[in-house]
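A.B. asks: Take this structure first; my questions come after.
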Number of protein chains: 4
Amino acid sequence: MIDFRSDNTGRAAPEILEALIQANRETALGYGGDDWTAALQRRFSELFEATVRVFPVATGTAANALALASLGPSWGIVYCSEVAHINTAEANATGFFGGGLKLVTIGGDHGRINAARLAEALAGIAPGQIHRGKPSAVSLTQATDLGAVYTVDQIRAVVDVAKRRGLKLHMDGARFANALARLGCSPAEATWRSGIDIMSFGATKNGGALCDAIVVFASDLADGLAVQLRRAGQVWSKMRFASAQLIAYVENGRWLDMARSSNAIAARIAAGLSDTPAARLLAPVEANEIFLELPSMTMDRLEADGFQFYRRSQSLARFVCRFDTTAAEGDALLTALTRHLPSATARRAAE
Amino acid sequence: MIDFRSDNTGRAAPEILEALIQANRETALGYGGDDWTAALQRRFSELFEATVRVFPVATGTAANALALASLGPSWGIVYCSEVAHINTAEANATGFFGGGLKLVTIGGDHGRINAARLAEALAGIAPGQIHRGKPSAVSLTQATDLGAVYTVDQIRAVVDVAKRRGLKLHMDGARFANALARLGCSPAEATWRSGIDIMSFGATKNGGALCDAIVVFASDLADGLAVQLRRAGQVWSKMRFASAQLIAYVENGRWLDMARSSNAIAARIAAGLSDTPAARLLAPVEANEIFLELPSMTMDRLEADGFQFYRRSQSLARFVCRFDTTAAEGDALLTALTRHLPSATARRAAE
Amino acid sequence: MIDFRSDNTGRAAPEILEALIQANRETALGYGGDDWTAALQRRFSELFEATVRVFPVATGTAANALALASLGPSWGIVYCSEVAHINTAEANATGFFGGGLKLVTIGGDHGRINAARLAEALAGIAPGQIHRGKPSAVSLTQATDLGAVYTVDQIRAVVDVAKRRGLKLHMDGARFANALARLGCSPAEATWRSGIDIMSFGATKNGGALCDAIVVFASDLADGLAVQLRRAGQVWSKMRFASAQLIAYVENGRWLDMARSSNAIAARIAAGLSDTPAARLLAPVEANEIFLELPSMTMDRLEADGFQFYRRSQSLARFVCRFDTTAAEGDALLTALTRHLPSATARRAAE
Amino acid sequence: MIDFRSDNTGRAAPEILEALIQANRETALGYGGDDWTAALQRRFSELFEATVRVFPVATGTAANALALASLGPSWGIVYCSEVAHINTAEANATGFFGGGLKLVTIGGDHGRINAARLAEALAGIAPGQIHRGKPSAVSLTQATDLGAVYTVDQIRAVVDVAKRRGLKLHMDGARFANALARLGCSPAEATWRSGIDIMSFGATKNGGALCDAIVVFASDLADGLAVQLRRAGQVWSKMRFASAQLIAYVENGRWLDMARSSNAIAARIAAGLSDTPAARLLAPVEANEIFLELPSMTMDRLEADGFQFYRRSQSLARFVCRFDTTAAEGDALLTALTRHLPSATARRAAE
């Protein structure tokens, strides 16, 4: 079996697990009062070229929901893409942790929020009205849930619209490393220098094991969030074992190396498909995910060949490249796809 | 420095971290669809001699709050001890996850709930009244937050009162291993056979690393809880790394061995103190914690000697023995206590 | 000025205010333990030909949100129309009272939910999955927010789809009297005999003053709801003054007389417009609301003539007929519309 | 039957119901955009000698819970008296509307919060700790739930302690008129000039019918509260009928006249009892409530004589004087009490 199911079916980077063992030598103060958690703050502040607060959390869902809950009142409206993970796959955690926060979706291409459509939606809500809640935040998913990546300019366009109305900005960076590897800019440039107030910093999907993090750029948000996290059961008493994972994750550029590797395999497959007219991509392959329109029968054949992937609908397959996906696995998939994809002629005939 | 601060300052059992590495060999389905999580269900079902559902969670706070939220309506009343962790140290997580659940405290000795006082409290709330919420659950902490242990009969006395009124029973087993090591009965006897519906199964305080668990005995609670946990950001996508820890924790009786070790050192210190008339214990030492009334000056001297512990008030110190506390460390503390404690005569004079 | 702004700009039926004075003669037990509230239960049970529980509440928002919160778990999904009041105008009260309940919209014509589209949405959510919450209820607005009315068969089509999946059914009956006046069937037929479990029974929009009600058909929902209402601050201590209003509202068919009156004026205007080819209605006029596409300039002229109404967008006007709207006022509006509406020829030329 | 059960069994002042009829003459804008609601703002601003925002709400529970929810984060701690209505009788509405707010009780005499004990409680919570939530507000009940009244100095003593720690101040003024009638000071002096930020302004218990109000002194709280109230289903669309009641309530000093009347009858009974050594009052009678320790048999006899009152326990009776309680009814109760109360000699013998 060759596994293209999801980022989360992957292994952890061995160095991350090794870091747990290194952190297990002595006793250490609980609830984040330990040396690893202090080092984590410094390490991420260097990484982001600013004094940031980093809160390790168990999952990306916790990161998203608690970050968003910290950005505004419980009667707030959070704007996101229709396909955003917070809207489709987190059991309305944002609504729950936000005490009734409402997600409102904004259209755009390939899982992005379109700045003009956001402006239009905001224009429809008069300041001071009480019937619809209060627009309070925007959540951008970077890379998007369809495998595209916001350019820095695209981020800024959305930020500009949002800030003009006093909204705060959240980035769901479940695949932030993949996006950054694509953009080639600095972490700072991709986040706070472009107006992001708080981010979900993903590690799990990119070789992490048991934690992600919330990174807070707008420092006034941090103290309240600290209590929210405690109340949410997201503050490990043996926090050092989480902090050590995150330190190992970013050490020596490991996170970006892993992301570059998965991105490269996805790009290689996409490039190979570009010669196959019958291959229809739902979105440009800019990170580590490939959304491919496929006849159901083609999906059957791929599975018969031993490939694992998710069927998002009867005619849409998703293939995810992980940090531990090998080039050989990528090539095998490309070969199989090329073999099984109906020729453009056949497809047209079928249609 | 000799560390008696808390269970959570301790190391993890090396076998638990080793289990992570063992679980990192191949890809595996996410969100608990993996082999380790399946094995965990079987292993705990054997352990509890019943088909149970086990949900790994990041922290004991998450275990407590989500277990309690699953037991009744959001307008429920949960009865607990005044000193229960859920009442004093979890930032009202139960009130939050419970959607407004109210904790009401019931007195008793040494951190226990007294069954008669519970009966009295319930008698004061007429069935069907709407002004005070609906009594819905009782939470027992085992071992208690003062280091005592409910006997099975004491559990049953509380359960009887509660069940007569239709309440559900939760056990906060943050130190369940320590309690079980003390009781010497089976896990089943200490829980569902005595009427417990759901429990927080602690591992972190007893040599665990990054997870505890909810164990569900009343099977009708499990499906709803599964969604609540997902929404709470407590379902790791790489769940195998949590399940593997819990399997290693209970493997070959490791959990009870560790608990017996910490209990034994605490008992040894307590026994030594029984010869010191000036030593006043707040509660019998039945698990791994010692709550000792100490003059502030004595606490200063202990710290000067290099002992670390928590001052719970100006005249109350807490010493916690961990699975990795050595007998030599225990003896050192006993020696220092004996040396610094004012003689009974001196104390009487001072009073 | 002639007021077509909203149902809620209207007067109260004088008999309803008179009932308050009648209820003010003696002392009476608080919180619904009074004779009027008991009589209300009987009166509505006769009206609905079943033993129902009636809970007076201050507003339709309270009725909707608390009724929906009673229908399922806080991780539930409630399906409603895109234009449903609960989705557009109640500040996400349902999400709040439901503890994180999520509204998901289903398309359909004229503010209705289309049964086939509901079936399709449900088919996309596998039973037992944990990532999207749990489909738990459907909310039908009767009459719809665009002034249409579900036929009994249309209600049943939606109910059938929902019940097959175990969902509960809520009816937002803010304009239930208007819908019933249109349908001509019994209140029972329009509700529980067609599968409705709980309803928001509107009075305010149809000549009421300060209360609406929740009517519970599925009796197992009532006791929990009673506590939820108390906690929500929706149980008046002098409840008799609310119950007396609702009794007066339905007495001698007053509610249906008022609804027939407002419906009739709306129908008369709509009929008059049918001779004006340029008049484009957004939905058939089946209750007391008229949604009319109008050039902005035409709206200006109507206002200059002294007509008050809401501009829902730059090209959509809403005119609402109230129980106290006179036939003369309706005729005046029709005349003005006919005068100001561009002729079909002019419109086509402009397009 | 002579009714001393509760304030809420009383009639409404006829002028308040008459005001509804006066407000029913024309159409008026909904949701508080009407002339009565505007007049209410002006009238209360005069009354309190400051620009205040007044929000009519259906019940005192709504006023309390939503006012408190506006004062701090959902992880806040609200300090109140053990016997405070918010703690004993509102189904934890504060915990619910506050999104998990926790009530922590502070001792004091006769239902008051003792300033020194509040200081002690606050001293036990280190600023910045995350385990116990964040102290955020204090709620004073004026008059208290045991019928006593805070002096202005007593209010200020609590306020001083609270403000030093950055807490906000709420007053539950369900019986504010009774307290003010006792104090004889201005509404301003009793509230914002003494440091109160927001209050629940009770009317129902003192001759009101269907609404109380939140009065906001700290203007930055008002805009968020407006949306919270909308979401809570506490914004009537025909708001004028609520505002008109509140205007009539305070018109020409009516509210204070009514409170003086009920206070006077309670004081007269209390004075009469002072000659009866066997009469043991739980608290000084400073408003309109009398809490009297009575043998169960005495309570039986009073009921046999036709008196209605609440048994708060087997040996505690509560008698409430309403604005519409007559002096003759008060005298009748005093006579009956004097007759049935065991002589001091008999009581001592029985003990």
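Scheme for the structure tokens: letters A, B, ... for chains in order shown; per-chain residue numbers from 1; ligand numbers from 1 in order shown.
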Name all residues at most 10 Å from range 111-126 of chain D (count only C-alpha atoms; drop same-chain ones fewer than 6 positions away) and give them as a PyMOL selection string.

C.D. replies: (chain B and resi 313) or (chain D and resi 79-84+104-105+132-135+138-150+154-162+164-165+283)

A.B. asks: Return the neighbours of chain B among the residues of chain D, cut-off 8 Å, counting only C-alpha atoms, as a list in words.

C.D. replies: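 Here they are: Trp75, Thr88, Ala89, Glu90, Ala91, Asn92, Ala93, Gly95, Phe96, Phe97, Gly99, Gly100, Leu101, Lys102, Ile130, His131, Arg132 and Gly133 of chain D.
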
A.B. asks: Name the residues of range 45-193 of chain C that fall into helix (DSSP H, G or I) according to DSSP on the backbone, using the chain letters and numbers of this document, as a ChimeraX atom specification.

C.D. replies: /C:45-47,60-69,85-88,93-97,109-111,115-123,152-164,176-183,187-190,192-193

A.B. asks: Any chance you can output those residues with C-alpha atoms as a PDB file, in the first residue's frame?

C.D. replies:
ATOM      1  CA  SER C  45     -54.443  22.110  24.379  1.00  0.00           C
ATOM      2  CA  GLU C  46     -57.996  22.550  23.084  1.00  0.00           C
ATOM      3  CA  LEU C  47     -56.745  24.681  20.239  1.00  0.00           C
ATOM      4  CA  GLY C  60     -39.634  35.301  19.096  1.00  0.00           C
ATOM      5  CA  THR C  61     -35.858  35.133  19.275  1.00  0.00           C
ATOM      6  CA  ALA C  62     -36.093  33.577  22.714  1.00  0.00           C
ATOM      7  CA  ALA C  63     -38.747  31.181  21.472  1.00  0.00           C
ATOM      8  CA  ASN C  64     -36.679  30.067  18.503  1.00  0.00           C
ATOM      9  CA  ALA C  65     -33.329  29.753  20.231  1.00  0.00           C
ATOM     10  CA  LEU C  66     -34.588  27.988  23.315  1.00  0.00           C
ATOM     11  CA  ALA C  67     -36.864  25.670  21.397  1.00  0.00           C
ATOM     12  CA  LEU C  68     -33.980  24.690  19.145  1.00  0.00           C
ATOM     13  CA  ALA C  69     -31.606  24.304  22.078  1.00  0.00           C
ATOM     14  CA  HIS C  85     -34.755  34.822  10.744  1.00  0.00           C
ATOM     15  CA  ILE C  86     -32.664  32.593  13.008  1.00  0.00           C
ATOM     16  CA  ASN C  87     -29.884  32.782  10.423  1.00  0.00           C
ATOM     17  CA  THR C  88     -30.055  36.423   9.499  1.00  0.00           C
ATOM     18  CA  ALA C  93     -29.087  33.379  19.457  1.00  0.00           C
ATOM     19  CA  THR C  94     -29.489  29.757  18.403  1.00  0.00           C
ATOM     20  CA  GLY C  95     -25.742  29.223  18.430  1.00  0.00           C
ATOM     21  CA  PHE C  96     -25.537  30.857  21.822  1.00  0.00           C
ATOM     22  CA  PHE C  97     -28.450  29.187  23.617  1.00  0.00           C
ATOM     23  CA  ASP C 109     -37.873  28.408  -3.257  1.00  0.00           C
ATOM     24  CA  HIS C 110     -39.273  31.492  -1.548  1.00  0.00           C
ATOM     25  CA  GLY C 111     -37.692  30.894   1.849  1.00  0.00           C
ATOM     26  CA  ALA C 115     -36.848  18.379   0.967  1.00  0.00           C
ATOM     27  CA  ALA C 116     -34.626  16.882  -1.716  1.00  0.00           C
ATOM     28  CA  ARG C 117     -31.796  19.264  -0.931  1.00  0.00           C
ATOM     29  CA  LEU C 118     -32.107  18.453   2.740  1.00  0.00           C
ATOM     30  CA  ALA C 119     -31.847  14.773   1.882  1.00  0.00           C
ATOM     31  CA  GLU C 120     -28.741  15.471  -0.152  1.00  0.00           C
ATOM     32  CA  ALA C 121     -27.098  17.416   2.679  1.00  0.00           C
ATOM     33  CA  LEU C 122     -27.834  14.641   5.144  1.00  0.00           C
ATOM     34  CA  ALA C 123     -26.523  12.016   2.765  1.00  0.00           C
ATOM     35  CA  VAL C 152     -49.115  20.771   4.595  1.00  0.00           C
ATOM     36  CA  ASP C 153     -47.651  18.453   1.972  1.00  0.00           C
ATOM     37  CA  GLN C 154     -44.519  20.548   1.741  1.00  0.00           C
ATOM     38  CA  ILE C 155     -44.114  20.399   5.507  1.00  0.00           C
ATOM     39  CA  ARG C 156     -44.548  16.665   5.458  1.00  0.00           C
ATOM     40  CA  ALA C 157     -41.987  16.201   2.698  1.00  0.00           C
ATOM     41  CA  VAL C 158     -39.341  17.912   4.802  1.00  0.00           C
ATOM     42  CA  VAL C 159     -40.455  16.112   7.949  1.00  0.00           C
ATOM     43  CA  ASP C 160     -40.186  12.741   6.233  1.00  0.00           C
ATOM     44  CA  VAL C 161     -36.605  13.332   5.201  1.00  0.00           C
ATOM     45  CA  ALA C 162     -35.680  14.628   8.631  1.00  0.00           C
ATOM     46  CA  LYS C 163     -37.360  11.912  10.670  1.00  0.00           C
ATOM     47  CA  ARG C 164     -35.752   9.178   8.625  1.00  0.00           C
ATOM     48  CA  PHE C 176     -48.119  31.179  12.195  1.00  0.00           C
ATOM     49  CA  ALA C 177     -51.529  32.836  12.320  1.00  0.00           C
ATOM     50  CA  ASN C 178     -51.003  34.287   8.864  1.00  0.00           C
ATOM     51  CA  ALA C 179     -49.928  30.902   7.538  1.00  0.00           C
ATOM     52  CA  LEU C 180     -52.870  29.144   9.152  1.00  0.00           C
ATOM     53  CA  ALA C 181     -55.295  31.732   7.821  1.00  0.00           C
ATOM     54  CA  ARG C 182     -53.920  30.994   4.387  1.00  0.00           C
ATOM     55  CA  LEU C 183     -53.949  27.208   4.724  1.00  0.00           C
ATOM     56  CA  PRO C 187     -53.554  24.182  14.025  1.00  0.00           C
ATOM     57  CA  ALA C 188     -52.978  20.476  14.740  1.00  0.00           C
ATOM     58  CA  GLU C 189     -52.807  19.607  11.051  1.00  0.00           C
ATOM     59  CA  ALA C 190     -50.302  22.350  10.430  1.00  0.00           C
ATOM     60  CA  TRP C 192     -47.858  18.029  15.269  1.00  0.00           C
ATOM     61  CA  ARG C 193     -50.051  15.956  12.986  1.00  0.00           C
TER      62      ARG C 193
END

A.B. asks: Considering only C-alpha atoms, return as a VMD selection string whatever protein or nucleic-acid residues lie within 10 Å of Ala226 in chain D, sequence-local ones (same chain, fewer than 4 positions apart) excluded.

C.D. replies: (chain A and resid 128 to 131) or (chain D and resid 53 55 66 70 221 to 222 230 to 232 234 to 235)

A.B. asks: For C-alpha atoms, I'd like the residues from the last selection saved as a short mmCIF file (atom, residue, chain, number, x, y, z; two decimals), in the first residue's frame.

C.D. replies:
data_model
loop_
_atom_site.label_atom_id
_atom_site.label_comp_id
_atom_site.auth_asym_id
_atom_site.auth_seq_id
_atom_site.Cartn_x
_atom_site.Cartn_y
_atom_site.Cartn_z
CA GLY A 128 -23.95 49.49 15.56
CA GLN A 129 -26.76 47.23 14.37
CA ILE A 130 -27.65 44.54 16.91
CA HIS A 131 -29.45 41.90 14.87
CA ARG D 53 -28.16 53.73 29.18
CA PHE D 55 -32.19 48.50 28.68
CA LEU D 66 -26.52 39.80 31.31
CA SER D 70 -20.93 42.27 30.32
CA LEU D 221 -20.25 48.53 28.52
CA ALA D 222 -23.40 49.57 26.70
CA ARG D 230 -30.60 41.07 21.31
CA ARG D 231 -29.02 37.63 21.21
CA ALA D 232 -30.56 36.77 24.56
CA GLN D 234 -34.47 40.29 25.62
CA VAL D 235 -35.10 42.99 23.04
#

A.B. asks: Can you pull out the residues contacting Ser200 in chain B? Cut-off 8 Å, using only C-alpha atoms, and skip same-chain residues under 2 positions away; I want them as number ranges by chain.

C.D. replies: B: 60, 63-64, 67, 170-174, 198, 202, 212-215

A.B. asks: Save the residues we just selected, N, CA and C atoms, as a PDB file, in the first residue's frame?

C.D. replies:
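File out_39.pdb, as written:
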ATOM      1  N   GLY B  60      -5.858  16.141  32.512  1.00  0.00           N
ATOM      2  CA  GLY B  60      -6.878  15.761  33.469  1.00  0.00           C
ATOM      3  C   GLY B  60      -8.023  16.748  33.516  1.00  0.00           C
ATOM      4  N   ALA B  63     -10.250  15.797  30.803  1.00  0.00           N
ATOM      5  CA  ALA B  63     -10.950  14.561  31.168  1.00  0.00           C
ATOM      6  C   ALA B  63     -12.108  14.876  32.109  1.00  0.00           C
ATOM      7  N   ASN B  64     -11.836  15.628  33.136  1.00  0.00           N
ATOM      8  CA  ASN B  64     -12.881  15.930  34.116  1.00  0.00           C
ATOM      9  C   ASN B  64     -14.031  16.721  33.502  1.00  0.00           C
ATOM     10  N   ALA B  67     -15.949  14.750  30.738  1.00  0.00           N
ATOM     11  CA  ALA B  67     -16.701  13.646  31.323  1.00  0.00           C
ATOM     12  C   ALA B  67     -17.941  14.190  32.034  1.00  0.00           C
ATOM     13  N   HIS B 170     -19.283  10.373  38.522  1.00  0.00           N
ATOM     14  CA  HIS B 170     -17.971  10.566  37.912  1.00  0.00           C
ATOM     15  C   HIS B 170     -16.889  10.356  38.958  1.00  0.00           C
ATOM     16  N   MET B 171     -15.812   9.725  38.531  1.00  0.00           N
ATOM     17  CA  MET B 171     -14.643   9.646  39.409  1.00  0.00           C
ATOM     18  C   MET B 171     -13.494  10.410  38.775  1.00  0.00           C
ATOM     19  N   ASP B 172     -12.966  11.381  39.520  1.00  0.00           N
ATOM     20  CA  ASP B 172     -11.745  12.039  39.079  1.00  0.00           C
ATOM     21  C   ASP B 172     -10.578  11.189  39.570  1.00  0.00           C
ATOM     22  N   GLY B 173     -10.065  10.360  38.673  1.00  0.00           N
ATOM     23  CA  GLY B 173      -8.997   9.445  39.028  1.00  0.00           C
ATOM     24  C   GLY B 173      -7.634   9.958  38.614  1.00  0.00           C
ATOM     25  N   ALA B 174      -7.381  11.237  38.866  1.00  0.00           N
ATOM     26  CA  ALA B 174      -6.056  11.785  38.546  1.00  0.00           C
ATOM     27  C   ALA B 174      -4.981  10.950  39.241  1.00  0.00           C
ATOM     28  N   ILE B 198     -18.512   6.983  34.718  1.00  0.00           N
ATOM     29  CA  ILE B 198     -17.467   7.498  33.830  1.00  0.00           C
ATOM     30  C   ILE B 198     -16.311   7.951  34.707  1.00  0.00           C
ATOM     31  N   GLY B 202      -6.241   9.023  35.255  1.00  0.00           N
ATOM     32  CA  GLY B 202      -5.002   9.787  35.230  1.00  0.00           C
ATOM     33  C   GLY B 202      -3.792   8.937  34.920  1.00  0.00           C
ATOM     34  N   ASP B 212      -3.876  11.764  29.508  1.00  0.00           N
ATOM     35  CA  ASP B 212      -4.722  11.023  30.427  1.00  0.00           C
ATOM     36  C   ASP B 212      -5.841  10.426  29.579  1.00  0.00           C
ATOM     37  N   ALA B 213      -6.876   9.948  30.219  1.00  0.00           N
ATOM     38  CA  ALA B 213      -7.956   9.354  29.418  1.00  0.00           C
ATOM     39  C   ALA B 213      -9.287   9.502  30.134  1.00  0.00           C
ATOM     40  N   ILE B 214     -10.340   9.440  29.352  1.00  0.00           N
ATOM     41  CA  ILE B 214     -11.679   9.251  29.903  1.00  0.00           C
ATOM     42  C   ILE B 214     -12.047   7.796  29.658  1.00  0.00           C
ATOM     43  N   VAL B 215     -12.482   7.115  30.699  1.00  0.00           N
ATOM     44  CA  VAL B 215     -12.959   5.745  30.540  1.00  0.00           C
ATOM     45  C   VAL B 215     -14.465   5.756  30.794  1.00  0.00           C
TER      46      VAL B 215
END

A.B. asks: At what distance in Å, to one decimal, does CA of Ala270 in chain B lie from CA of Leu341 in chain B?

C.D. replies: 13.7 Å

A.B. asks: Check the smallest atom-to-atom distance from each of A:Leu256, A:Ala266, A:Leu281, A:Leu20 to Ala209 in chain B using only C-alpha atoms, then report the winner.

C.D. replies: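 The closest residue to Ala209 in chain B is A:Leu20.
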
A.B. asks: Please report, as a count of residues only, each residue of range 63-226 of chain B to which DSSP assigns strand (DSSP E or B) when run on this structure's backbone.

C.D. replies: 34

A.B. asks: For the atom pair CA of Leu246 in chain A and CA of Ala244 in chain B, what is the interatomic distance in Å to one decimal place?

C.D. replies: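 CA of Leu246 in chain A sits 20.1 Å away from CA of Ala244 in chain B.
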
A.B. asks: To one decimal place, how far is CA of Lys238 in chain B from CA of Gly330 in chain A in Å?

C.D. replies: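 These atoms are spaced 22.4 Å apart.
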
A.B. asks: Just want the 9 Å neighbourhood of Ala264 in chain A, counted on only C-alpha atoms, with same-chain residues fewer than 3 positions away dropped. Output as a PDB file with all heavy atoms, in the first residue's frame.

C.D. replies:
ATOM      1  N   ALA A 259       8.727  20.444   4.814  1.00  0.00           N
ATOM      2  CA  ALA A 259       7.684  21.004   3.943  1.00  0.00           C
ATOM      3  C   ALA A 259       8.153  21.070   2.500  1.00  0.00           C
ATOM      4  O   ALA A 259       7.385  20.780   1.572  1.00  0.00           O
ATOM      5  CB  ALA A 259       7.290  22.396   4.453  1.00  0.00           C
ATOM      6  N   ARG A 260       9.392  21.445   2.319  1.00  0.00           N
ATOM      7  CA  ARG A 260       9.907  21.504   0.949  1.00  0.00           C
ATOM      8  C   ARG A 260       9.864  20.127   0.296  1.00  0.00           C
ATOM      9  O   ARG A 260       9.565  19.985  -0.876  1.00  0.00           O
ATOM     10  CB  ARG A 260      11.336  22.049   0.947  1.00  0.00           C
ATOM     11  CG  ARG A 260      11.373  23.576   0.919  1.00  0.00           C
ATOM     12  CD  ARG A 260      12.785  24.109   0.676  1.00  0.00           C
ATOM     13  NE  ARG A 260      13.597  24.005   1.885  1.00  0.00           N
ATOM     14  CZ  ARG A 260      13.776  24.992   2.755  1.00  0.00           C
ATOM     15  NH1 ARG A 260      13.225  26.179   2.553  1.00  0.00           N
ATOM     16  NH2 ARG A 260      14.532  24.819   3.815  1.00  0.00           N
ATOM     17  N   SER A 261      10.154  19.121   1.102  1.00  0.00           N
ATOM     18  CA  SER A 261      10.150  17.769   0.565  1.00  0.00           C
ATOM     19  C   SER A 261       8.746  17.362   0.110  1.00  0.00           C
ATOM     20  O   SER A 261       8.551  16.864  -1.002  1.00  0.00           O
ATOM     21  CB  SER A 261      10.674  16.795   1.628  1.00  0.00           C
ATOM     22  OG  SER A 261      10.522  15.473   1.174  1.00  0.00           O
ATOM     23  N   ALA A 267       4.499  18.828  -6.341  1.00  0.00           N
ATOM     24  CA  ALA A 267       4.738  19.624  -7.541  1.00  0.00           C
ATOM     25  C   ALA A 267       5.158  18.725  -8.701  1.00  0.00           C
ATOM     26  O   ALA A 267       4.755  18.936  -9.855  1.00  0.00           O
ATOM     27  CB  ALA A 267       5.816  20.671  -7.261  1.00  0.00           C
ATOM     28  N   ARG A 268       5.960  17.710  -8.381  1.00  0.00           N
ATOM     29  CA  ARG A 268       6.442  16.784  -9.409  1.00  0.00           C
ATOM     30  C   ARG A 268       5.270  16.011 -10.020  1.00  0.00           C
ATOM     31  O   ARG A 268       5.191  15.832 -11.236  1.00  0.00           O
ATOM     32  CB  ARG A 268       7.429  15.846  -8.723  1.00  0.00           C
ATOM     33  CG  ARG A 268       8.149  14.871  -9.609  1.00  0.00           C
ATOM     34  CD  ARG A 268       8.971  13.939  -8.699  1.00  0.00           C
ATOM     35  NE  ARG A 268       9.629  12.894  -9.438  1.00  0.00           N
ATOM     36  CZ  ARG A 268      10.928  12.935  -9.783  1.00  0.00           C
ATOM     37  NH1 ARG A 268      11.666  13.970  -9.435  1.00  0.00           N
ATOM     38  NH2 ARG A 268      11.463  11.935 -10.464  1.00  0.00           N
ATOM     39  N   ILE A 269       4.362  15.595  -9.178  1.00  0.00           N
ATOM     40  CA  ILE A 269       3.180  14.884  -9.693  1.00  0.00           C
ATOM     41  C   ILE A 269       2.342  15.826 -10.554  1.00  0.00           C
ATOM     42  O   ILE A 269       1.906  15.490 -11.653  1.00  0.00           O
ATOM     43  CB  ILE A 269       2.336  14.324  -8.523  1.00  0.00           C
ATOM     44  CG1 ILE A 269       3.158  13.284  -7.744  1.00  0.00           C
ATOM     45  CG2 ILE A 269       1.023  13.717  -9.028  1.00  0.00           C
ATOM     46  CD1 ILE A 269       2.526  12.853  -6.420  1.00  0.00           C
ATOM     47  N   ALA A 287       1.146  23.603  -2.614  1.00  0.00           N
ATOM     48  CA  ALA A 287       1.694  23.096  -1.352  1.00  0.00           C
ATOM     49  C   ALA A 287       1.846  21.582  -1.496  1.00  0.00           C
ATOM     50  O   ALA A 287       2.459  21.131  -2.462  1.00  0.00           O
ATOM     51  CB  ALA A 287       0.791  23.474  -0.190  1.00  0.00           C
ATOM     52  N   ASN A 288       1.279  20.809  -0.595  1.00  0.00           N
ATOM     53  CA  ASN A 288       1.504  19.363  -0.621  1.00  0.00           C
ATOM     54  C   ASN A 288       0.250  18.554  -0.930  1.00  0.00           C
ATOM     55  O   ASN A 288       0.220  17.353  -0.715  1.00  0.00           O
ATOM     56  CB  ASN A 288       2.095  18.908   0.713  1.00  0.00           C
ATOM     57  CG  ASN A 288       1.122  19.120   1.857  1.00  0.00           C
ATOM     58  OD1 ASN A 288       0.413  20.128   1.868  1.00  0.00           O
ATOM     59  ND2 ASN A 288       1.071  18.191   2.789  1.00  0.00           N
ATOM     60  N   CYS A 321       0.839  14.620  -0.073  1.00  0.00           N
ATOM     61  CA  CYS A 321       2.237  14.222   0.073  1.00  0.00           C
ATOM     62  C   CYS A 321       2.715  14.649   1.448  1.00  0.00           C
ATOM     63  O   CYS A 321       2.504  15.787   1.873  1.00  0.00           O
ATOM     64  CB  CYS A 321       3.091  14.895  -1.007  1.00  0.00           C
ATOM     65  SG  CYS A 321       2.562  14.429  -2.656  1.00  0.00           S
ATOM     66  N   ALA A 327      10.118  10.109  -3.151  1.00  0.00           N
ATOM     67  CA  ALA A 327      10.003  10.456  -4.568  1.00  0.00           C
ATOM     68  C   ALA A 327       9.519   9.248  -5.363  1.00  0.00           C
ATOM     69  O   ALA A 327       8.723   9.381  -6.304  1.00  0.00           O
ATOM     70  CB  ALA A 327      11.349  10.942  -5.095  1.00  0.00           C
TER      71      ALA A 327
END
